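Visitor: One file: my_file_30.csv (CSV, C-alpha atoms).
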```csv
chain,number,residue,atom,x,y,z
A,1,MET,CA,87.9,96.7,59.8
A,2,VAL,CA,87.3,100.4,60.0
A,3,GLU,CA,83.6,99.7,60.6
A,4,LYS,CA,84.5,97.8,63.8
A,5,ILE,CA,86.7,100.6,65.2
A,6,ASP,CA,84.3,103.0,66.9
A,7,LEU,CA,86.5,105.5,68.6
A,8,LYS,CA,83.7,106.9,70.8
A,9,LYS,CA,82.9,103.4,72.0
A,10,ILE,CA,86.6,102.8,72.8
A,11,GLU,CA,86.8,106.1,74.7
A,12,ARG,CA,83.6,105.2,76.6
A,13,LYS,CA,85.0,101.7,77.4
A,14,ILE,CA,88.3,103.3,78.7
A,15,TYR,CA,86.3,105.6,81.0
A,16,THR,CA,84.1,102.8,82.2
A,17,SER,CA,87.0,100.4,82.9
A,18,TYR,CA,88.9,103.1,84.7
A,19,HIS,CA,85.9,103.7,87.0
A,20,GLN,CA,84.9,100.1,87.5
A,21,ASP,CA,86.8,100.0,90.8
A,22,GLY,CA,83.8,101.4,92.8
A,23,LEU,CA,85.9,104.1,94.4
A,24,ILE,CA,83.7,106.9,93.1
A,25,ASP,CA,80.7,105.1,94.6
A,26,ILE,CA,82.5,104.6,97.9
A,27,PHE,CA,83.5,108.3,97.8
A,28,ALA,CA,79.9,109.4,97.0
A,29,GLY,CA,78.3,107.0,99.5
A,30,PHE,CA,80.6,108.0,102.3
A,31,PHE,CA,80.0,111.7,101.5
A,32,ILE,CA,76.2,111.3,101.7
A,33,LEU,CA,76.5,109.0,104.7
A,34,SER,CA,78.7,111.5,106.6
A,35,PHE,CA,76.2,114.3,105.8
A,36,GLY,CA,73.3,112.1,107.1
A,37,ILE,CA,75.1,111.2,110.3
A,38,THR,CA,76.0,114.9,110.9
A,39,MET,CA,72.4,115.9,110.3
A,40,TRP,CA,71.3,113.3,112.8
A,41,VAL,CA,73.9,113.8,115.5
A,42,ILE,CA,74.6,117.5,115.3
A,43,PRO,CA,71.7,119.0,113.2
A,44,ASP,CA,72.9,122.6,113.7
A,45,MET,CA,76.2,121.8,112.2
A,46,ALA,CA,75.1,119.7,109.2
A,47,TRP,CA,77.3,121.8,106.9
A,48,MET,CA,80.3,119.9,108.5
A,49,GLY,CA,79.4,117.1,106.1
A,50,TRP,CA,81.1,119.1,103.4
A,51,MET,CA,84.4,118.7,105.2
A,52,PHE,CA,84.5,115.1,104.1
A,53,PHE,CA,84.3,116.3,100.5
A,54,ILE,CA,87.6,118.2,100.9
A,55,VAL,CA,89.3,115.3,102.8
A,56,GLY,CA,87.6,112.7,100.5
A,57,THR,CA,89.0,114.2,97.3
A,58,SER,CA,92.6,113.6,98.4
A,59,LEU,CA,91.6,110.2,99.8
A,60,TYR,CA,90.0,109.3,96.4
A,61,ALA,CA,93.2,110.2,94.5
A,62,ALA,CA,95.3,108.2,97.0
A,63,ALA,CA,92.9,105.2,96.8
A,64,LYS,CA,93.2,105.3,93.0
A,65,ARG,CA,97.0,105.1,93.3
A,66,VAL,CA,96.7,102.1,95.7
A,67,PHE,CA,93.9,100.0,94.2
A,68,THR,CA,93.4,101.0,90.5
A,69,ILE,CA,96.7,102.0,88.9
A,70,PRO,CA,98.7,99.0,90.0
A,71,ARG,CA,96.0,96.6,88.8
A,72,ILE,CA,94.7,98.1,85.5
A,73,GLY,CA,97.4,100.6,84.7
A,74,PHE,CA,97.5,104.3,84.3
A,75,VAL,CA,95.8,106.4,81.6
A,76,LYS,CA,96.0,110.1,81.0
A,77,PHE,CA,92.8,111.2,79.3
A,78,ALA,CA,92.8,113.5,76.2
A,79,PRO,CA,93.1,117.2,77.0
A,80,HIS,CA,89.7,118.0,75.4
A,81,ARG,CA,88.0,115.6,77.8
A,82,VAL,CA,89.8,117.3,80.8
A,83,LYS,CA,88.8,120.7,79.4
A,84,ALA,CA,85.2,119.5,79.2
A,85,LEU,CA,85.2,118.3,82.8
A,86,VAL,CA,86.6,121.7,84.0
A,87,THR,CA,83.9,123.5,81.9
A,88,MET,CA,81.2,121.3,83.3
A,89,ALA,CA,82.4,122.0,86.9
A,90,LEU,CA,82.5,125.8,86.2
A,91,VAL,CA,79.0,125.8,84.7
A,92,VAL,CA,77.5,123.9,87.7
A,93,PHE,CA,79.3,126.2,90.1
A,94,SER,CA,78.2,129.4,88.2
A,95,LEU,CA,74.6,128.2,88.0
A,96,SER,CA,74.6,127.4,91.8
A,97,ALA,CA,76.1,130.8,92.6
A,98,LEU,CA,73.6,132.6,90.3
A,99,LEU,CA,70.7,130.8,92.0
A,100,GLY,CA,72.1,132.0,95.4
A,101,VAL,CA,72.4,135.6,94.2
A,102,VAL,CA,68.9,135.6,92.7
A,103,ALA,CA,67.5,134.2,96.0
A,104,LEU,CA,69.3,136.8,98.0
A,105,MET,CA,68.2,139.7,95.7
A,106,GLN,CA,64.6,138.5,95.8
A,107,THR,CA,64.5,138.2,99.6
A,108,GLU,CA,66.1,141.6,100.2
A,109,GLY,CA,62.9,143.3,99.2
A,110,GLY,CA,61.2,141.9,102.3
A,111,GLY,CA,59.1,139.1,100.6
A,112,THR,CA,60.2,135.6,99.9
A,113,PRO,CA,59.8,134.4,96.3
A,114,ILE,CA,57.3,131.6,95.7
A,115,TRP,CA,60.0,129.2,94.4
A,116,LEU,CA,62.1,129.7,97.5
A,117,LEU,CA,59.0,129.2,99.7
A,118,PHE,CA,58.3,126.0,97.9
A,119,ALA,CA,61.9,124.9,98.4
A,120,ILE,CA,61.7,125.6,102.2
A,121,GLU,CA,58.4,123.9,102.6
A,122,ASN,CA,59.4,120.8,100.5
A,123,PRO,CA,63.0,120.1,101.4
A,124,MET,CA,62.7,116.4,100.6
A,125,LEU,CA,61.8,117.1,97.0
A,126,VAL,CA,64.4,119.8,96.6
A,127,ILE,CA,67.2,117.8,98.1
A,128,GLY,CA,66.1,114.7,96.1
A,129,VAL,CA,66.1,116.5,92.8
A,130,SER,CA,69.5,118.3,93.6
A,131,VAL,CA,71.2,115.0,94.6
A,132,ALA,CA,69.7,113.2,91.6
A,133,ALA,CA,70.9,116.0,89.3
A,134,SER,CA,74.4,115.8,90.9
A,135,PHE,CA,74.5,112.1,90.2
A,136,CYS,CA,73.5,112.7,86.6
A,137,VAL,CA,76.3,115.3,86.2
A,138,VAL,CA,78.8,112.8,87.7
A,139,GLY,CA,77.5,110.0,85.5
A,140,TYR,CA,77.8,112.2,82.4
A,141,THR,CA,81.3,113.5,83.4
A,142,PHE,CA,82.8,110.1,84.2
A,143,ARG,CA,80.6,108.2,81.7
A,144,THR,CA,79.4,105.8,84.3
A,145,LYS,CA,75.8,104.6,83.7
A,146,ARG,CA,75.3,103.4,87.3
A,147,MET,CA,75.2,107.0,88.4
A,148,TYR,CA,71.9,107.4,86.5
A,149,ALA,CA,70.6,104.4,88.5
A,150,TYR,CA,71.7,106.2,91.7
A,151,ALA,CA,69.9,109.3,90.5
A,152,LEU,CA,66.7,107.3,90.0
A,153,LEU,CA,67.1,105.6,93.4
A,154,THR,CA,67.5,109.0,95.0
A,155,LEU,CA,64.4,110.4,93.3
A,156,ILE,CA,62.3,107.4,94.3
A,157,MET,CA,63.5,107.5,97.9
A,158,PHE,CA,63.1,111.2,98.4
A,159,VAL,CA,59.7,111.5,96.6
A,160,THR,CA,58.4,108.6,98.7
A,161,GLY,CA,59.9,110.3,101.8
A,162,HIS,CA,58.1,113.5,100.9
A,163,PHE,CA,54.8,111.6,101.6
A,164,LEU,CA,55.9,109.4,104.5
A,165,TYR,CA,57.1,112.2,106.9
A,166,PHE,CA,60.1,110.3,108.3
A,167,PRO,CA,63.0,112.5,109.3
A,168,LEU,CA,65.2,113.6,106.4
A,169,HIS,CA,68.4,112.2,107.8
A,170,TYR,CA,66.9,108.6,107.6
A,171,TYR,CA,66.8,108.8,103.9
A,172,VAL,CA,70.2,110.5,103.6
A,173,ILE,CA,71.8,107.8,105.8
A,174,LEU,CA,70.0,105.0,103.9
A,175,LEU,CA,71.0,106.3,100.5
A,176,GLY,CA,74.6,106.8,101.5
A,177,SER,CA,74.8,103.3,103.1
A,178,LEU,CA,73.4,101.7,99.9
A,179,ILE,CA,75.8,103.4,97.6
A,180,LEU,CA,78.7,102.8,100.0
A,181,VAL,CA,77.9,99.0,100.2
A,182,PHE,CA,77.5,98.8,96.4
A,183,GLY,CA,80.9,100.6,96.0
A,184,LEU,CA,82.6,98.3,98.4
A,185,THR,CA,81.2,95.3,96.6
A,186,MET,CA,82.5,96.7,93.3
A,187,LEU,CA,85.9,97.3,94.8
A,188,ILE,CA,86.1,93.7,96.2
A,189,ARG,CA,85.1,92.3,92.8
A,190,PHE,CA,87.6,94.6,91.1
A,191,VAL,CA,90.5,93.5,93.4
A,192,ARG,CA,89.7,89.8,92.8
A,193,ARG,CA,89.3,90.3,89.0
A,194,TYR,CA,92.6,92.2,88.6
A,195,PRO,CA,95.3,90.8,90.8
A,196,LEU,CA,98.5,92.9,91.2
A,197,SER,CA,100.8,92.8,88.3
A,198,ALA,CA,104.5,92.1,88.8
A,199,THR,CA,105.5,94.3,85.9
A,200,ASP,CA,103.9,96.7,83.5
A,201,THR,CA,106.7,97.3,81.2
A,202,MET,CA,108.1,96.2,77.8
A,203,GLY,CA,111.2,94.1,77.7
A,204,GLU,CA,110.7,92.6,81.2
A,205,SER,CA,109.0,89.3,81.9
A,206,GLY,CA,106.0,89.4,84.2
A,207,ASN,CA,103.2,87.2,85.5
A,208,GLU,CA,100.6,88.5,83.1
A,209,GLU,CA,98.6,86.1,81.0
A,210,GLN,CA,100.9,85.1,78.2
B,211,MET,CA,101.0,93.2,39.2
B,212,LYS,CA,101.8,94.2,42.8
B,213,ASN,CA,99.1,94.6,45.4
B,214,ASN,CA,99.6,98.3,45.6
B,215,GLU,CA,99.2,98.9,41.9
B,216,VAL,CA,95.6,97.7,41.6
B,217,ASN,CA,94.1,101.2,41.2
B,218,ASP,CA,93.0,101.3,37.6
B,219,GLY,CA,90.3,103.8,38.2
B,220,GLU,CA,87.6,101.3,38.9
B,221,THR,CA,89.1,99.3,41.7
B,222,PRO,CA,89.5,100.8,45.1
B,223,SER,CA,92.9,102.4,46.0
B,224,ILE,CA,94.4,99.8,48.3
B,225,SER,CA,97.8,101.4,47.9
B,226,ARG,CA,96.8,104.2,50.2
B,227,ILE,CA,96.3,101.9,53.1
B,228,ASP,CA,99.0,102.1,55.7
B,229,LYS,CA,100.1,98.4,56.2
B,230,THR,CA,101.7,99.2,59.5
B,231,ILE,CA,98.4,100.3,61.0
B,232,HIS,CA,96.2,97.9,59.0
B,233,GLU,CA,97.3,94.9,61.0
B,234,PRO,CA,94.4,94.2,63.5
B,235,ALA,CA,96.4,94.2,66.7
B,236,ARG,CA,98.2,97.4,65.8
B,237,LEU,CA,95.0,99.0,64.7
B,238,VAL,CA,93.5,98.3,68.1
B,239,ILE,CA,96.6,99.7,69.8
B,240,MET,CA,96.6,102.9,67.6
B,241,ALA,CA,92.8,103.4,68.2
B,242,HIS,CA,93.2,103.1,72.0
B,243,LEU,CA,96.1,105.5,72.0
B,244,PHE,CA,94.3,107.9,69.7
B,245,VAL,CA,91.5,108.6,72.2
B,246,VAL,CA,93.8,109.3,75.2
B,247,GLU,CA,96.8,111.4,75.8
B,248,SER,CA,99.0,108.6,77.1
B,249,ALA,CA,98.6,105.2,78.7
B,250,ASP,CA,101.0,102.8,80.4
B,251,PHE,CA,101.8,99.3,79.1
B,252,LEU,CA,99.6,97.6,81.7
B,253,PHE,CA,96.6,99.7,80.8
B,254,LEU,CA,97.0,99.0,77.2
B,255,GLN,CA,97.4,95.3,77.8
B,256,ARG,CA,94.2,95.2,79.8
B,257,GLN,CA,92.3,97.2,77.3
B,258,THR,CA,93.4,95.4,74.1
B,259,ARG,CA,93.5,92.0,75.8
B,260,LEU,CA,96.7,91.2,73.9
B,261,THR,CA,99.3,89.0,75.5
B,262,TRP,CA,102.4,90.7,76.9
B,263,GLY,CA,104.6,89.4,74.2
B,264,ASN,CA,102.2,90.3,71.4
B,265,LEU,CA,101.7,93.8,72.7
B,266,SER,CA,105.4,94.3,73.2
B,267,SER,CA,106.2,93.2,69.6
B,268,HIS,CA,103.5,95.3,68.0
B,269,VAL,CA,104.4,98.4,70.0
B,270,SER,CA,108.0,98.0,68.9
B,271,LYS,CA,106.9,98.0,65.3
B,272,LEU,CA,104.8,101.1,65.8
B,273,GLU,CA,107.7,102.7,67.6
B,274,ASP,CA,110.0,101.8,64.7
B,275,ALA,CA,107.5,103.4,62.3
B,276,GLY,CA,107.7,106.6,64.4
B,277,TYR,CA,104.0,106.3,65.4
B,278,VAL,CA,104.3,105.6,69.1
B,279,ASP,CA,106.6,107.3,71.6
B,280,VAL,CA,107.7,104.8,74.3
B,281,LYS,CA,109.1,106.2,77.5
B,282,LYS,CA,110.6,103.9,80.0
B,283,GLU,CA,111.0,105.0,83.6
B,284,PHE,CA,111.3,103.7,87.1
B,285,VAL,CA,108.5,104.4,89.6
B,286,ASP,CA,109.2,103.2,93.1
B,287,ARG,CA,112.1,101.2,91.7
B,288,LYS,CA,109.8,99.3,89.4
B,289,PRO,CA,110.0,99.6,85.6
B,290,HIS,CA,107.2,101.6,84.0
B,291,THR,CA,106.5,102.1,80.3
B,292,VAL,CA,104.3,105.0,79.1
B,293,LEU,CA,103.1,105.0,75.5
B,294,GLN,CA,101.9,108.0,73.6
B,295,LEU,CA,101.0,108.5,69.9
B,296,THR,CA,103.4,110.9,68.2
B,297,ASN,CA,102.1,113.6,65.9
B,298,LYS,CA,103.2,111.5,63.0
B,299,GLY,CA,101.2,108.6,64.4
B,300,ARG,CA,98.1,110.7,65.0
B,301,THR,CA,98.2,112.0,61.5
B,302,ALA,CA,98.8,108.5,60.0
B,303,PHE,CA,95.9,107.1,62.0
B,304,GLN,CA,93.6,109.8,60.7
B,305,GLU,CA,94.8,109.3,57.2
B,306,TYR,CA,94.3,105.6,57.6
B,307,ARG,CA,90.7,106.1,58.7
B,308,GLN,CA,90.0,108.4,55.7
B,309,SER,CA,91.6,105.9,53.3
B,310,MET,CA,89.5,103.1,54.7
B,311,LYS,CA,86.3,105.1,54.5
B,312,GLN,CA,87.1,106.0,50.9
B,313,LEU,CA,88.0,102.4,50.1
B,314,PHE,CA,84.6,101.2,51.3
B,315,LYS,CA,82.9,104.0,49.5
B,316,GLU,CA,84.6,103.1,46.3
B,317,LEU,CA,83.8,99.4,46.6
B,318,PRO,CA,81.1,98.4,44.1
B,319,GLU,CA,77.7,97.2,45.5
```
Once you've parsed the file, please lay out its structure as structure tokens.
Guide:
Amino acid sequence: MVEKIDLKKIERKIYTSYHQDGLIDIFAGFFILSFGITMWVIPDMAWMGWMFFIVGTSLYAAAKRVFTIPRIGFVKFAPHRVKALVTMALVVFSLSALLGVVALMQTEGGGTPIWLLFAIENPMLVIGVSVAASFCVVGYTFRTKRMYAYALLTLIMFVTGHFLYFPLHYYVILLGSLILVFGLTMLIRFVRRYPLSATDTMGESGNEEQ
Amino acid sequence: MKNNEVNDGETPSISRIDKTIHEPARLVIMAHLFVVESADFLFLQRQTRLTWGNLSSHVSKLEDAGYVDVKKEFVDRKPHTVLQLTNKGRTAFQEYRQSMKQLFKELPE
């Protein structure tokens, strides 16, 4: 019996099932799409795409309460996992900040470092790699394998785009739309698969499969 | 001879196995609660695929053994049950795992 109880597998299964609602995909897709549309409509204010991230975070939590918890229940993950997530976020933030500081210090001398010149001259590759890396981080953090597929899709699209010379926002909009559609499909499947439960408690009868 | 007195030095020590946890459904419940901080009744039911009645009865047994803490509350006027392993339950589960590993190690080829 103990051979069949793989705790890591159970933990992974719990994570996967808690994120099978497609909400994280919808959130990511909408974020990328809003960035692409902003780049297209008001290129000088493309940074406004980040505003969705702030609004989207609270929307994500609200959607989780509306769609997921009433259907598959609520779970509070173990403190060590939450701690790992916070550490991961801090590491990513610190590395990004460090990269920014290094870039600033190297440009202050008058010249632009080669790596920064490369980044400026090849935005498609840099953005593609950055977005793909972000998907990998999200995939690892939430233990969702499809994020690695998104990372691969991003790399393929942006590397291809590097040689095709179409405007950048085309690829951003296309990538965001694809992920958004996939997320919506997942959400519809999730809602159909898990109808609302009349009760989620002991000692009360409900309409769950008996 | 009783089942729990079979350890004669050569046979594996079955007496160390916690019978409350050893039951397959309760083992699955304990394993799921072990990897999280807490979960509600619905989540556990979805994960374990146990029927409502089965889960309810096994959780009650685990609660009686002091392994699971059951908190009943009302959320938006609907009953809501949150389950959490107690420290005693966590220790018992770890000991159970150790005992089973030892048992398999002691089994002759």
Visitor: Measure the distance from atom CA of A:Leu125 to atom CA of A:Tyr140 in Å and round it to one decimal.
Guide: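 Calculated distance between atom CA of A:Leu125 and atom CA of A:Tyr140 is 22.2 Å.
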Visitor: Would you mind listing, as an MDAnalysis selection string, all residues of chain B that have at least one atom within 9 Å of chain A, where all atoms listed in the file are what counts?
Guide: chainID B and resid 232 234 237:238 241:242 244:257 260:267 269 282 288:292 307 310:311
Visitor: Could you please give me, as an MDAnalysis selection string, the residues of protein, DNA or RNA lying at most 12 Å from (109.3, 102.7, 66.6) in the coordinate frame of the file, considering only C-alpha atoms?
Guide: chainID B and resid 230 266:281 293:296 298:299
Visitor: Record the distance separating atom CA of A:Gln20 and atom CA of A:Thr144, expressed in Å with one decimal.
Guide: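 Between these atoms lies a distance of 8.5 Å.
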Visitor: If you count all atoms listed in the file, which residues fall within 9 Å of B:Glu305, apart from same-chain ones fewer than 4 positions away, as a ChimeraX atom specification?
Guide: /B:226-228,300-301,309-310
Visitor: Just the number, please: distance in Å from atom CA of A:Leu152 to atom CA of A:Phe190, one decimal.
Guide: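 Interatomic distance here is 24.5 Å.
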Visitor: Mind listing as a ChimeraX atom specification all residues within 7 Å of (70.2, 109.9, 85.5), counting all atoms listed in the file?
Guide: /A:132,135-136,147-149,151-152
Visitor: Under the rule that all atoms listed in the file are counted, which of A:Ala133, A:Val91, A:Met186, A:Val191 is the nearest residue to A:Phe67?
Guide: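 When distances to A:Phe67 are compared using all atoms listed in the file, the smallest one comes from A:Val191.
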Visitor: Quick one: residues within 12 Å of A:Leu174, all atoms listed in the file counted, chain neighbours fewer than 4 positions away excluded, as a list in words?
Guide: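 Selected residues are Gly29, Phe30, Ile32, Leu33, Ser34, Phe35, Gly36, Ile37, Leu153, Thr154, Met157, Phe158, Gly161, Pro167, Leu168, His169, Tyr170, Leu178, Ile179, Leu180 and Val181 of chain A.
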Visitor: Hey, could you patch up stretch 289-305 of chain B with N, CA and C atoms and hand it over as a tab-separated table (two decimals), in the frame of the given file?
Guide:
```tsv
chain	number	residue	atom	x	y	z
B	289	PRO	N	110.07	99.11	86.93
B	289	PRO	CA	110.00	99.60	85.60
B	289	PRO	C	108.62	100.00	85.14
B	290	HIS	N	108.49	101.07	84.43
B	290	HIS	CA	107.20	101.60	84.00
B	290	HIS	C	107.28	102.14	82.62
B	291	THR	N	106.42	101.66	81.73
B	291	THR	CA	106.50	102.10	80.30
B	291	THR	C	105.25	102.93	79.99
B	292	VAL	N	105.46	104.12	79.50
B	292	VAL	CA	104.30	105.00	79.10
B	292	VAL	C	104.36	105.14	77.59
B	293	LEU	N	103.19	104.95	77.00
B	293	LEU	CA	103.10	105.00	75.50
B	293	LEU	C	102.21	106.19	75.13
B	294	GLN	N	102.62	106.81	74.04
B	294	GLN	CA	101.90	108.00	73.60
B	294	GLN	C	101.99	108.03	72.03
B	295	LEU	N	100.91	108.40	71.38
B	295	LEU	CA	101.00	108.50	69.90
B	295	LEU	C	101.81	109.79	69.59
B	296	THR	N	102.66	109.69	68.61
B	296	THR	CA	103.40	110.90	68.20
B	296	THR	C	102.50	111.66	67.22
B	297	ASN	N	102.89	112.86	66.88
B	297	ASN	CA	102.10	113.60	65.90
B	297	ASN	C	102.00	112.89	64.59
B	298	LYS	N	103.13	112.27	64.22
B	298	LYS	CA	103.20	111.50	63.00
B	298	LYS	C	102.16	110.33	63.05
B	299	GLY	N	102.11	109.67	64.21
B	299	GLY	CA	101.20	108.60	64.40
B	299	GLY	C	99.75	108.99	64.37
B	300	ARG	N	99.48	110.13	64.99
B	300	ARG	CA	98.10	110.70	65.00
B	300	ARG	C	97.64	111.00	63.60
B	301	THR	N	98.52	111.64	62.84
B	301	THR	CA	98.20	112.00	61.50
B	301	THR	C	98.01	110.73	60.63
B	302	ALA	N	98.91	109.77	60.82
B	302	ALA	CA	98.80	108.50	60.00
B	302	ALA	C	97.54	107.78	60.34
B	303	PHE	N	97.12	107.81	61.60
B	303	PHE	CA	95.90	107.10	62.00
B	303	PHE	C	94.67	107.79	61.33
B	304	GLN	N	94.68	109.12	61.36
B	304	GLN	CA	93.60	109.80	60.70
B	304	GLN	C	93.52	109.58	59.24
B	305	GLU	N	94.70	109.58	58.63
B	305	GLU	CA	94.80	109.30	57.20
B	305	GLU	C	94.30	107.89	56.88
```
